[in-house]
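Here the structure comes first, spelled out in structure tokens, and everything after it is commentary.
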2 protein chains.
Amino acid sequence: MKRMIKNLGRVFEPKSVAIVGASATPNKIGNVLVRNFLDTKFPGAVYPVNPKYPELFGLKCYAKVSDIPGKVDCVIVATPAETVPGVMRDCADKKVGGVVILSGGFEEVNRNDLAQKLREIAEASNIPVVGPNCLGVFNPYTKVDSIFLPMYKLERPKAGSIAFVTQSGAVGSTVVDLMAYYGVGLSKFISYGNGTILDESDYLEYLMQDEKTKTIILYLEGVKDGRKLLAAMKKVNKVKPIIALKAGKGAGGQAAARSHTGNIAGSYLAYNAAFKQAKVAEADGIDEVFDFVKIFNQPKPKGNRMGVITNGGGMGVLTADYIESEGLALAQFSEETKKELAEILPAYGTVANPLDLVADAGVEAYEKAIGVMMKDPNIDGLIVIILTQTPPIDERIIHVLTKVLDAQTKPIATISVGGTYTEVYRKILESKGVPSYSSPRAAVKAMERLVVYSKYCRQLGKK
Amino acid sequence: MKRMIKNLGRVFEPKSVAIVGASATPNKIGNVLVRNFLDTKFPGAVYPVNPKYPELFGLKCYAKVSDIPGKVDCVIVATPAETVPGVMRDCADKKVGGVVILSGGFEEVNRNDLAQKLREIAEASNIPVVGPNCLGVFNPYTKVDSIFLPMYKLERPKAGSIAFVTQSGAVGSTVVDLMAYYGVGLSKFISYGNGTILDESDYLEYLMQDEKTKTIILYLEGVKDGRKLLAAMKKVNKVKPIIALKAGKGAGGQAAARSHTGNIAGSYLAYNAAFKQAKVAEADGIDEVFDFVKIFNQPKPKGNRMGVITNGGGMGVLTADYIESEGLALAQFSEETKKELAEILPAYGTVANPLDLVADAGVEAYEKAIGVMMKDPNIDGLIVIILTQTPPIDERIIHVLTKVLDAQTKPIATISVGGTYTEVYRKILESKGVPSYSSPRAAVKAMERLVVYSKYCRQLGKK
């Protein structure tokens with residue numbers, strides 16, 4: 001298995017890619033796949049494989065993988081399940097780097113016989129296999145991309161430091177789309193479906209060693225080897241934070257999970273306990289996955305005491321509520337901080353936490369208040385609410401918030417809620433690495449996860 | 001008080017508006033206000049009031065309200081707190097229809113003396129007063145609009161059936177912005193701030209009788225008269241559903257609420273109990289307010305049994321989980337439904353709930369599956385997940401979903417998660433009246449609120 005994990009390098013950084021089931025019919029998976037490789041200007045060789053065509057998109061088309069001259073690193077398979085063991089055997093003969101099987105029709109429809117054949121060939125040849133029944137892989141650094149969804153419909157994120165291991169292609173792809181929308185960078189996307197050969201734990205091990213990856217998202221439905229997963233999470237989460245989302249919690253969800261990837265979802269309580277034991281941050285829903293992962297690019301807070309800045313009183317009240325209900329604390333400002341903040345406020349303002357700069361506040365007030373709170377030793381992190389709709393807030397706020405990142409010693413989360421105008425701000429902030437949330441609850445819950453993980457790292461003796 | 005509530009009609013449907021504190025200085029409240037009335041082509045008379053100017057924006061400017069010739073329905077005040085009792089007295093002399101006081105500087109900064117003066121004048125003259133310390137009112141039907149935020153920053157929603165009563169201007173305005181963004185219609189916006197004269201209960205009474213309003217959002221921090229609120233909620237919620245959000249739950253939030261509108265937030269448990277007693281749907285956060293209110297345009301379900309359709313397995317699993325954890329149930333399909341659904345699915349598909357149409361599913365499969373589920377008596381409501389990113393889903397899905405509304409006997413909630421492409425779909429669906437959610441949890445929680453309210457209506461003997 002170790003060798004297989006190591007061999008994944010050829011899947012994610014291939015110099016050549018073969019697409020088995022390449023097709024001339026628009027919207028067919030094998031068509032979208034080849035088109036995506038050409039559209040994205042994949043720098044290596046692309047080999048369409050399908051005995052039906054002599055050529056496709058102007059490229060020579062091969063009858064089988066072993067007909068391709070020269071080395072083949074990554075093979076993407078999109079042919080019917082019955083044909084896949086034959087393709088695998090051919091790949092083993094050709095000694096390819098790895099195989100990504102998108103095709104469904106294995107354990108999830110009780111064809112364990114077919115799955116077993118794949119397993120035998122993969123193990124005998126030490127070829128890593130992603131899938132079957134999945135969206136496969138995407139690496140924005142090398143442009144290898146087996147996501148068979150058109151790029152205009154599912155945007156691809158820029159290269160970054162967040163990896164995503166997902167059992168469900170649908171769940172994975174929606175989060176990838178969100179990352180692209182907000183300009184958040186991805187390191188590797190791994191949709192592994194049935195996980196017949198390599199499973200979630202193997203991918204965690206792979207990503208632990210991946211230089212581009214700093215944070216890992218893990219979406220699970222059912223797992224074959226729970227002990228292995230717990231061990232992998234414990235090991236990997238010490239090095240890189242994991243955000244986990246478990247689906248298939250109730251009876252109905254478990255039945256749906258079984259027919260989805262052929263894995264038994266098992267007792268949710270066991271997963272919940274495993275996440276707690278491994279100190280993995282558990283998300284409740286797709287939105288929280290995205291909310292949580294963004295904040296892990298921030299410095300680790302030394303405690304749970306938050307300073308809150310707002311230009312809208314009600315938003316401060318809501319945020320204070322979540323800070324208390326989620327186990328964080330409202331910081332008690334130092335005397336010096338109080339003095340300095342009083343100078344920023346208008347005459348009728350009150351120094352308190354949340355600090356209400358009121359709707360008249362301009363960008364300078366934010367800049368000063370953030371500066372003051374950044375140096376107060378009684379404050380461990382900042383939550384900054386910016387209602388962009390007020391007249392004095394203009395685009396300089398983006399400059400102020402991104403400048404904070406330069407000499408930041410404490411994490412910052414920002415909150416802005418609104419329509420078109422506000423969304424433009426949020427997208428710019430996100431793309432610059434400033435976590436931006438569209439609700440107080442989302443920001444506070446994310447900050448809480450960072451606080452918990454930071455405490456764990458301090459216990460491990462890590463900074 | 002009854003007469004004052006009745007007089008609110010002149011505030012929301014004014015033929016003439018006076019703006020006290022009108023200003024020539026860009027970005028000042030009194031400047032944005034006048035500009036907004038002109039930009040929005042308010043059909044009535046607009047009277048700027050400020051002794052400093054002979055005219056403003058080409059309009060004659062008056063020294064005081066009583067100098068205005070003819071009737072004045074709605075007076076909007078944006079001058080310093082100290083001056084407001086004088087303005088009120090002048091308004092009483094002039095016998096104006098109502099006054100909206102945006103100015104802060106009353107109870108929230110312990111100037112109860114000033115608040116008391118306002119109260120005395122209002123009660124003696126029976127003039128309804130909105131505020132002080134608020135964003136005031138917005139009625140998209142008549143274009144009266146005292147929200148002093150520029151329209152390019154805070155979009156105004158189209159005319160519709162949702163009313164919003166909010167203690168916090170900031171919270172209110174962000175939701176209004178979201179409504180505009182997604183094309184959801186508003187009937188009345190009432191930001192009442194300190195609620196010195198008319199309070200939240202009075203506005204509920206007013207909206208109960210308002211013909212344009214079908215659903216009411218209520219955002220509260222602190223309330224002066226809890227018994228009055230409970231009675232009002234009980235009475236109004238029987239006629240029109242109320243979605244409530246309470247802020248100021250913990251000690252920190254309560255302190256922030258106190259300095260925000262001068263009201264005591266009080267024990268959250270009491271509010272929670274009151275919401276339950278009045279069968280009011282309580283939201284946890286701004287996002288949920290918006291999530292919940294959208295679904296109340298749907299037919300009332302007869303029970304809690306949901307049919308789920310998806311083209312992404314994992315999204316179905318997540319949705320099934322929430323259905324179970326939120327107290328809804330996965331419907332057991334009738335035998336006829338099972339037969340009819342089997343014909344829609346590909347050979348390798350399985351009839352189950354959630355119904356996974358798989359990623360190959362086209363618009364026709366959705367149309368058929370929705371049709372079949374709409375007529376199954378074992379199904380009370382539909383949750384339809386559409387991953388718009390798959391190749392076969394195109395814009396005809398919008399036609400299918402909006403056509404459902406024509407002869408709909410059961411509520412429908414849709415879920416689509418993604419970036420730019422998906423957001424376009426979601427906005428169109430929302431603007432056509434199809435509730436669209438960006439996460440399974442949001443959709444299921446909203447549906448649960450509708451199920452609970454529908455049950456309450458059945459108990460009341462209402463359809």
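Quick note on naming: the chains in the structure tokens go A, B, ... in the order shown, residues restart at 1 in each chain, and ligands are numbered from 1 in order of appearance.
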
Sorted by chain and rising residue number, list the residues of chain B at most 7 Å from chain A (counting only C-alpha atoms), each with its closest atom pair and distance in Å to one decimal, as a Markdown table.
| residue | atom | partner | partner_atom | distance |
| --- | --- | --- | --- | --- |
| B:Asn27 | CA | A:Pro391 | CA | 5.7 |
| B:Leu149 | CA | A:Thr390 | CA | 5.7 |
| B:Pro150 | CA | A:Pro391 | CA | 6.7 |
| B:Lys153 | CA | A:Gln389 | CA | 4.9 |
| B:Leu154 | CA | A:Gln389 | CA | 5.5 |
| B:Ser168 | CA | A:Gly314 | CA | 5.1 |
| B:Ala170 | CA | A:Gly312 | CA | 5.1 |
| B:Val171 | CA | A:Gly314 | CA | 5.8 |
| B:Thr174 | CA | A:Gly418 | CA | 4.9 |
| B:Val175 | CA | A:Gly418 | CA | 6.9 |
| B:Asp177 | CA | A:Gly418 | CA | 5.1 |
| B:Leu178 | CA | A:Gly419 | CA | 5.0 |
| B:Tyr181 | CA | A:Gly419 | CA | 4.9 |
| B:Ala247 | CA | A:Leu318 | CA | 5.4 |
| B:Gly248 | CA | A:Val317 | CA | 5.7 |
| B:Lys249 | CA | A:Asp321 | CA | 5.7 |
| B:Gly250 | CA | A:Asp321 | CA | 5.5 |
| B:Gly252 | CA | A:Ala320 | CA | 5.8 |
| B:Gly253 | CA | A:Val317 | CA | 4.7 |
| B:Ala256 | CA | A:Val317 | CA | 5.5 |
| B:Ala257 | CA | A:Val317 | CA | 5.9 |
| B:His260 | CA | A:Gly313 | CA | 5.7 |
| B:Gly285 | CA | A:Arg441 | CA | 6.8 |
| B:Ile286 | CA | A:Ser439 | CA | 6.6 |
| B:Asp287 | CA | A:Ser439 | CA | 6.6 |
| B:Gly312 | CA | A:Ala170 | CA | 5.0 |
| B:Gly313 | CA | A:His260 | CA | 5.7 |
| B:Gly314 | CA | A:Ser168 | CA | 5.0 |
| B:Met315 | CA | A:Val171 | CA | 6.1 |
| B:Val317 | CA | A:Gly253 | CA | 4.7 |
| B:Leu318 | CA | A:Ala247 | CA | 5.4 |
| B:Ala320 | CA | A:Gly253 | CA | 4.8 |
| B:Asp321 | CA | A:Gly253 | CA | 5.1 |
| B:Glu324 | CA | A:Gly250 | CA | 6.4 |
| B:Pro354 | CA | A:Ala256 | CA | 6.8 |
| B:Gln389 | CA | A:Lys153 | CA | 4.9 |
| B:Thr390 | CA | A:Leu149 | CA | 5.6 |
| B:Pro391 | CA | A:Asn27 | CA | 5.7 |
| B:Val417 | CA | A:Thr174 | CA | 5.6 |
| B:Gly418 | CA | A:Thr174 | CA | 4.9 |
| B:Gly419 | CA | A:Tyr181 | CA | 4.9 |
| B:Thr420 | CA | A:Tyr181 | CA | 6.3 |
| B:Tyr421 | CA | A:Lys153 | CA | 5.6 |
| B:Ser439 | CA | A:Asp287 | CA | 6.6 |
| B:Arg441 | CA | A:Gly285 | CA | 6.8 |

From stretch 83-319 of chain A, collect each residue whose DSSP state is strand (DSSP E or B) and return the set as a PyMOL selection string.
chain A and resi 98-101+129-130+136-139+144-145+159-166+186-191+215-220+242-246+281-282+305-310

Write the residues of the preceding selection, restricted to N, CA and C atoms, as a short mmCIF file (atom, residue, chain, number, x, y, z; two decimals), in the first residue's frame.
data_model
loop_
_atom_site.label_atom_id
_atom_site.label_comp_id
_atom_site.auth_asym_id
_atom_site.auth_seq_id
_atom_site.Cartn_x
_atom_site.Cartn_y
_atom_site.Cartn_z
N GLY A 98 -0.78 5.16 -12.81
CA GLY A 98 -1.95 4.99 -11.95
C GLY A 98 -3.21 5.09 -12.78
N VAL A 99 -4.31 4.64 -12.18
CA VAL A 99 -5.56 4.60 -12.92
C VAL A 99 -6.66 5.30 -12.12
N VAL A 100 -7.42 6.14 -12.80
CA VAL A 100 -8.57 6.80 -12.19
C VAL A 100 -9.82 6.24 -12.87
N ILE A 101 -10.63 5.51 -12.10
CA ILE A 101 -11.81 4.88 -12.70
C ILE A 101 -13.06 5.67 -12.34
N VAL A 129 -5.11 2.98 -7.71
CA VAL A 129 -6.38 3.18 -8.41
C VAL A 129 -7.26 4.14 -7.60
N VAL A 130 -7.70 5.21 -8.23
CA VAL A 130 -8.66 6.13 -7.61
C VAL A 130 -10.05 5.73 -8.12
N GLY A 136 -12.90 11.43 -9.63
CA GLY A 136 -11.45 11.35 -9.82
C GLY A 136 -10.67 12.49 -9.22
N VAL A 137 -9.73 13.01 -9.99
CA VAL A 137 -8.72 13.90 -9.43
C VAL A 137 -8.65 15.23 -10.16
N PHE A 138 -8.21 16.25 -9.44
CA PHE A 138 -7.90 17.53 -10.05
C PHE A 138 -6.73 18.14 -9.30
N ASN A 139 -5.74 18.55 -10.05
CA ASN A 139 -4.59 19.24 -9.47
C ASN A 139 -4.37 20.53 -10.25
N VAL A 144 -3.93 18.32 -14.29
CA VAL A 144 -4.57 17.02 -14.49
C VAL A 144 -5.97 17.15 -13.90
N ASP A 145 -6.99 16.70 -14.65
CA ASP A 145 -8.36 17.04 -14.29
C ASP A 145 -9.30 16.00 -14.87
N ALA A 159 -4.67 27.50 -7.95
CA ALA A 159 -3.76 26.69 -7.15
C ALA A 159 -3.61 27.29 -5.76
N GLY A 160 -3.66 26.45 -4.74
CA GLY A 160 -3.57 26.93 -3.36
C GLY A 160 -3.17 25.82 -2.42
N SER A 161 -3.64 25.88 -1.18
CA SER A 161 -3.11 24.97 -0.16
C SER A 161 -4.16 24.06 0.48
N ILE A 162 -5.39 24.08 -0.03
CA ILE A 162 -6.44 23.26 0.57
C ILE A 162 -6.66 22.00 -0.28
N ALA A 163 -6.58 20.84 0.35
CA ALA A 163 -6.85 19.58 -0.35
C ALA A 163 -8.23 19.08 0.06
N PHE A 164 -8.86 18.34 -0.85
CA PHE A 164 -10.21 17.86 -0.58
C PHE A 164 -10.29 16.39 -0.97
N VAL A 165 -10.53 15.54 0.02
CA VAL A 165 -10.73 14.11 -0.20
C VAL A 165 -12.21 13.83 0.00
N THR A 166 -12.88 13.36 -1.03
CA THR A 166 -14.33 13.21 -0.91
C THR A 166 -14.84 11.90 -1.49
N LEU A 186 -6.90 25.75 -4.17
CA LEU A 186 -6.96 24.30 -3.95
C LEU A 186 -5.59 23.69 -4.25
N SER A 187 -5.21 22.66 -3.47
CA SER A 187 -3.96 21.96 -3.79
C SER A 187 -4.25 20.68 -4.56
N LYS A 188 -5.14 19.83 -4.03
CA LYS A 188 -5.51 18.58 -4.71
C LYS A 188 -6.99 18.30 -4.43
N PHE A 189 -7.67 17.77 -5.44
CA PHE A 189 -9.03 17.30 -5.28
C PHE A 189 -9.03 15.81 -5.55
N ILE A 190 -9.56 15.02 -4.61
CA ILE A 190 -9.59 13.57 -4.79
C ILE A 190 -11.00 13.08 -4.48
N SER A 191 -11.74 12.75 -5.53
CA SER A 191 -13.05 12.13 -5.37
C SER A 191 -12.82 10.64 -5.55
N THR A 215 -4.02 22.25 4.48
CA THR A 215 -5.25 21.91 5.20
C THR A 215 -6.00 20.87 4.37
N ILE A 216 -6.72 19.96 5.06
CA ILE A 216 -7.38 18.87 4.34
C ILE A 216 -8.87 18.83 4.69
N ILE A 217 -9.71 18.77 3.67
CA ILE A 217 -11.14 18.52 3.88
C ILE A 217 -11.41 17.05 3.60
N LEU A 218 -12.19 16.43 4.45
CA LEU A 218 -12.52 15.01 4.28
C LEU A 218 -14.03 14.84 4.34
N TYR A 219 -14.62 14.40 3.23
CA TYR A 219 -16.05 14.10 3.23
C TYR A 219 -16.24 12.59 3.17
N LEU A 220 -16.93 12.04 4.15
CA LEU A 220 -17.10 10.60 4.29
C LEU A 220 -18.57 10.21 4.29
N ILE A 242 -7.37 18.74 9.70
CA ILE A 242 -8.39 18.09 8.89
C ILE A 242 -9.76 18.65 9.29
N ILE A 243 -10.58 19.00 8.29
CA ILE A 243 -11.97 19.37 8.50
C ILE A 243 -12.80 18.22 7.95
N ALA A 244 -13.62 17.59 8.78
CA ALA A 244 -14.36 16.41 8.33
C ALA A 244 -15.85 16.66 8.29
N LEU A 245 -16.49 16.07 7.29
CA LEU A 245 -17.95 16.08 7.20
C LEU A 245 -18.40 14.64 6.99
N LYS A 246 -19.26 14.17 7.90
CA LYS A 246 -19.74 12.79 7.81
C LYS A 246 -21.20 12.82 7.39
N ALA A 281 -11.63 18.71 13.26
CA ALA A 281 -12.77 19.64 13.29
C ALA A 281 -13.90 19.08 12.46
N GLU A 282 -15.04 18.84 13.09
CA GLU A 282 -16.18 18.28 12.37
C GLU A 282 -17.12 19.40 11.91
N ARG A 305 -10.23 34.43 23.51
CA ARG A 305 -10.80 35.75 23.82
C ARG A 305 -10.84 36.63 22.56
N MET A 306 -12.06 36.92 22.12
CA MET A 306 -12.26 37.62 20.86
C MET A 306 -12.53 39.11 21.06
N GLY A 307 -11.95 39.91 20.20
CA GLY A 307 -12.31 41.32 20.10
C GLY A 307 -13.21 41.48 18.88
N VAL A 308 -14.32 42.18 19.05
CA VAL A 308 -15.28 42.31 17.95
C VAL A 308 -15.43 43.79 17.58
N ILE A 309 -15.37 44.06 16.29
CA ILE A 309 -15.56 45.42 15.78
C ILE A 309 -16.74 45.39 14.82
N THR A 310 -17.60 46.41 14.90
CA THR A 310 -18.75 46.44 13.99
C THR A 310 -19.13 47.88 13.65
#

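Reported to one decimal place, the separation of atom CA of B:Ser103 from atom CA of B:Cys134 is 7.1 Å.
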
Got a sec: who's within 9 Å of B:Lys302, counting only C-alpha atoms, leaving out chain neighbours fewer than 6 positions off, as a PDB file with N, CA and C atoms, in the first residue's frame?
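Final file, result-v2.pdb:
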ATOM      1  N   ILE B 379     -46.726  11.195   0.049  1.00  0.00           N
ATOM      2  CA  ILE B 379     -45.699  12.242   0.072  1.00  0.00           C
ATOM      3  C   ILE B 379     -46.353  13.587   0.373  1.00  0.00           C
ATOM      4  N   ASP B 380     -45.815  14.304   1.365  1.00  0.00           N
ATOM      5  CA  ASP B 380     -46.401  15.593   1.761  1.00  0.00           C
ATOM      6  C   ASP B 380     -45.664  16.800   1.189  1.00  0.00           C
ATOM      7  N   GLY B 381     -44.411  16.609   0.848  1.00  0.00           N
ATOM      8  CA  GLY B 381     -43.628  17.725   0.316  1.00  0.00           C
ATOM      9  C   GLY B 381     -42.435  17.207  -0.447  1.00  0.00           C
ATOM     10  N   LYS B 410     -48.462  20.478  -3.216  1.00  0.00           N
ATOM     11  CA  LYS B 410     -47.509  20.216  -2.134  1.00  0.00           C
ATOM     12  C   LYS B 410     -46.363  21.210  -2.252  1.00  0.00           C
ATOM     13  N   VAL B 451     -43.832  22.847   7.832  1.00  0.00           N
ATOM     14  CA  VAL B 451     -44.625  21.688   8.284  1.00  0.00           C
ATOM     15  C   VAL B 451     -45.249  21.987   9.650  1.00  0.00           C
ATOM     16  N   SER B 454     -47.980  24.594   9.303  1.00  0.00           N
ATOM     17  CA  SER B 454     -49.156  24.037   8.625  1.00  0.00           C
ATOM     18  C   SER B 454     -49.977  23.181   9.584  1.00  0.00           C
ATOM     19  N   LYS B 455     -49.280  22.443  10.426  1.00  0.00           N
ATOM     20  CA  LYS B 455     -49.970  21.617  11.425  1.00  0.00           C
ATOM     21  C   LYS B 455     -50.779  22.525  12.367  1.00  0.00           C
ATOM     22  N   ARG B 458     -53.846  23.666  10.673  1.00  0.00           N
ATOM     23  CA  ARG B 458     -54.884  22.615  10.633  1.00  0.00           C
ATOM     24  C   ARG B 458     -55.593  22.531  11.973  1.00  0.00           C
TER      25      ARG B 458
END

Excluding A:Leu230 and any residue of its chain fewer than 4 positions from it, enumerate the residues within 10 Å of it, using only C-alpha atoms, and give them as a count of residues only.
12

Nearest residue to B:Glu343 out of B:Lys368, B:Lys41, B:Lys6, B:Lys143, using only C-alpha atoms?
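Using only C-alpha atoms, the shortest distance to B:Glu343 belongs to B:Lys368.
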
Among stretch 76-258 of chain B, which residues carry a DSSP assignment of alpha helix (DSSP H), reported as number ranges by chain?
B: 84-94, 112-125, 169-182, 200-209, 226-237, 251-258
